[in-house]
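K.L.:
File name run-v7.cif; file contents mmCIF, C-alpha atoms; chains and numbers go by the auth columns; full text below.
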```
data_upload
loop_
_atom_site.group_PDB
_atom_site.id
_atom_site.type_symbol
_atom_site.label_atom_id
_atom_site.label_comp_id
_atom_site.label_asym_id
_atom_site.label_seq_id
_atom_site.Cartn_x
_atom_site.Cartn_y
_atom_site.Cartn_z
_atom_site.B_iso_or_equiv
_atom_site.auth_seq_id
_atom_site.auth_asym_id
ATOM 1 C CA MET A 1 57.084 22.920 156.842 0.00 1 A
ATOM 2 C CA SER A 2 53.557 23.456 155.545 0.00 2 A
ATOM 3 C CA VAL A 3 54.704 26.369 153.393 0.00 3 A
ATOM 4 C CA VAL A 4 57.636 24.397 151.983 0.00 4 A
ATOM 5 C CA ARG A 5 55.329 21.470 151.196 0.00 5 A
ATOM 6 C CA ALA A 6 52.919 23.856 149.466 0.00 6 A
ATOM 7 C CA LEU A 7 55.782 25.347 147.455 0.00 7 A
ATOM 8 C CA GLY A 8 57.046 21.960 146.369 0.00 8 A
ATOM 9 C CA PHE A 9 60.539 21.432 145.033 0.00 9 A
ATOM 10 C CA GLY A 10 60.544 22.915 141.572 0.00 10 A
ATOM 11 C CA THR A 11 57.008 24.070 140.871 0.00 11 A
ATOM 12 C CA GLY A 12 56.528 26.937 143.302 0.00 12 A
ATOM 13 C CA ALA A 13 53.239 28.586 144.208 0.00 13 A
ATOM 14 C CA THR A 14 51.691 32.008 144.199 0.00 14 A
ATOM 15 C CA GLY A 15 50.924 33.808 147.416 0.00 15 A
ATOM 16 C CA LYS A 16 47.238 33.209 146.715 0.00 16 A
ATOM 17 C CA GLU A 17 47.811 29.446 146.507 0.00 17 A
ATOM 18 C CA LEU A 18 49.842 29.503 149.725 0.00 18 A
ATOM 19 C CA LEU A 19 47.068 31.377 151.524 0.00 19 A
ATOM 20 C CA GLU A 20 44.528 28.786 150.351 0.00 20 A
ATOM 21 C CA VAL A 21 46.622 25.777 151.405 0.00 21 A
ATOM 22 C CA THR A 22 47.914 27.085 154.732 0.00 22 A
ATOM 23 C CA SER A 23 46.044 28.615 157.653 0.00 23 A
ATOM 24 C CA PHE A 24 48.159 31.798 157.695 0.00 24 A
ATOM 25 C CA GLU A 25 46.788 35.312 157.488 0.00 25 A
ATOM 26 C CA GLU A 26 48.333 37.475 154.740 0.00 26 A
ATOM 27 C CA GLN A 27 50.545 39.463 157.126 0.00 27 A
ATOM 28 C CA ASP A 28 51.793 36.326 158.909 0.00 28 A
ATOM 29 C CA LEU A 29 52.534 34.549 155.635 0.00 29 A
ATOM 30 C CA LEU A 30 54.379 37.591 154.308 0.00 30 A
ATOM 31 C CA GLU A 31 56.540 37.777 157.440 0.00 31 A
ATOM 32 C CA LEU A 32 57.309 34.046 157.232 0.00 32 A
ATOM 33 C CA LEU A 33 58.224 34.305 153.556 0.00 33 A
ATOM 34 C CA PHE A 34 60.442 37.343 154.204 0.00 34 A
ATOM 35 C CA GLY A 35 62.296 35.354 156.855 0.00 35 A
ATOM 36 C CA MET A 36 62.754 32.436 154.472 0.00 36 A
ATOM 37 C CA MET A 37 63.831 34.804 151.695 0.00 37 A
ATOM 38 C CA ASN A 38 66.350 36.548 153.965 0.00 38 A
ATOM 39 C CA ALA A 39 67.829 33.158 154.849 0.00 39 A
ATOM 40 C CA GLY A 40 67.998 32.322 151.135 0.00 40 A
ATOM 41 C CA PHE A 41 65.604 29.353 151.309 0.00 41 A
ATOM 42 C CA VAL A 42 62.852 30.928 149.199 0.00 42 A
ATOM 43 C CA VAL A 43 63.064 33.089 146.074 0.00 43 A
ATOM 44 C CA THR A 44 60.477 34.900 143.981 0.00 44 A
ATOM 45 C CA THR A 45 59.886 34.748 140.263 0.00 45 A
ATOM 46 C CA PRO A 46 60.553 37.377 139.007 0.00 46 A
ATOM 47 C CA TYR A 47 63.133 38.255 141.626 0.00 47 A
ATOM 48 C CA LEU A 48 61.825 40.860 144.083 0.00 48 A
ATOM 49 C CA LEU A 49 63.427 42.293 147.196 0.00 49 A
ATOM 50 C CA ASP A 50 60.321 43.866 148.695 0.00 50 A
ATOM 51 C CA ILE A 51 56.747 42.625 148.520 0.00 51 A
ATOM 52 C CA SER A 52 53.727 44.491 149.830 0.00 52 A
ATOM 53 C CA LEU A 53 50.530 42.961 151.186 0.00 53 A
ATOM 54 C CA GLU A 54 48.811 44.074 147.997 0.00 54 A
ATOM 55 C CA GLN A 55 51.302 42.111 145.862 0.00 55 A
ATOM 56 C CA ILE A 56 51.560 38.884 147.861 0.00 56 A
ATOM 57 C CA GLN A 57 48.751 37.068 146.071 0.00 57 A
ATOM 58 C CA GLU A 58 50.277 37.707 142.636 0.00 58 A
ATOM 59 C CA VAL A 59 53.922 36.855 143.378 0.00 59 A
ATOM 60 C CA ASN A 60 55.272 33.377 142.625 0.00 60 A
ATOM 61 C CA PHE A 61 57.436 31.866 145.354 0.00 61 A
ATOM 62 C CA GLU A 62 59.657 28.810 145.093 0.00 62 A
ATOM 63 C CA VAL A 63 62.235 26.914 147.110 0.00 63 A
ATOM 64 C CA ASN A 64 65.725 28.107 146.212 0.00 64 A
ATOM 65 C CA PRO A 65 67.222 25.264 144.139 0.00 65 A
ATOM 66 C CA ALA A 66 70.565 25.762 145.900 0.00 66 A
ATOM 67 C CA TYR A 67 68.931 24.694 149.196 0.00 67 A
ATOM 68 C CA ALA A 68 66.305 22.240 147.923 0.00 68 A
ATOM 69 C CA ARG A 69 68.283 19.114 148.727 0.00 69 A
ATOM 70 C CA GLN A 70 69.185 20.303 152.221 0.00 70 A
ATOM 71 C CA ILE A 71 65.587 21.322 152.981 0.00 71 A
ATOM 72 C CA ARG A 72 64.207 18.030 151.643 0.00 72 A
ATOM 73 C CA GLN A 73 66.620 16.011 153.810 0.00 73 A
ATOM 74 C CA THR A 74 65.733 18.066 156.884 0.00 74 A
ATOM 75 C CA MET A 75 62.021 17.544 156.275 0.00 75 A
ATOM 76 C CA ILE A 76 62.500 13.766 155.970 0.00 76 A
ATOM 77 C CA LYS A 77 64.360 13.682 159.283 0.00 77 A
ATOM 78 C CA LYS A 78 61.587 15.676 161.009 0.00 78 A
ATOM 79 C CA VAL A 79 58.821 13.297 159.907 0.00 79 A
#
```
If you took the structure in this file and wrote it as structure tokens, what would it be?
P.N.:
Amino acid sequence: MSVVRALGFGTGATGKELLEVTSFEEQDLLELLFGMMNAGFVVTTPYLLDISLEQIQEVNFEVNPAYARQIRQTMIKKV
């Protein structure tokens, strides 16, 4: 949930911003983002299929607009 909050719903964030806001190490954040990307919840701008540790800080991530409403409702229920 901390990553989704950091991404926001429409603005997105770079990997560098996510690393600053969350307590994840680069490798852990990358694995989490890959899982969210594989599920379709997170997309990159520009669209990338594979991201290396060297690229993570430069890539912009955002919540997939197709799932934004569903994710927002789930987060409200969890709080």
K.L.:
Spell out the residues picked by the PyMOL selection byres ((chain A and resi 15) around 8) here, as a list in words.
P.N.:
Ala13, Thr14, Lys16, Glu17, Leu18, Leu19, Ile56, Gln57, Glu58, Val59, Asn60 and Phe61 of chain A
K.L.:
Quick one: pull the distance between CA of Pro65 (chain A) and CA of Phe9 (chain A), Å, one decimal.
P.N.:
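Taking CA of Pro65 (chain A) as the start and CA of Phe9 (chain A) as the end point, the length is 7.8 Å.
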K.L.:
To verify the selection step, state as a VMD selection string which residues the PyMOL selection byres ((chain A and resi 10) around 12) yields on this input.
P.N.:
chain A and resid 4 to 9 11 to 13 42 to 43 45 60 to 69 72
K.L.:
Could you list as a list in words every residue that has an atom within 10 Å of (53.6, 42.6, 150.8), using the file's coordinates and counting only C-alpha atoms?
P.N.:
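Protein and nucleic acid residues near the point are Gly15, Glu26, Gln27, Leu29, Leu30, Glu31, Leu33, Phe34, Asp50, Ile51, Ser52, Leu53, Glu54, Gln55, Ile56, Gln57 and Val59 of chain A.
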K.L.:
Rounded to one decimal, what separation in Å do you get between CA of Met1 (chain A) and CA of Glu25 (chain A)?
P.N.:
16.1 Å
K.L.:
CA of Gly35 (chain A) and CA of Val3 (chain A) are how many Å apart?
P.N.:
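We find that CA of Gly35 (chain A) and CA of Val3 (chain A) lie 12.3 Å from each other.
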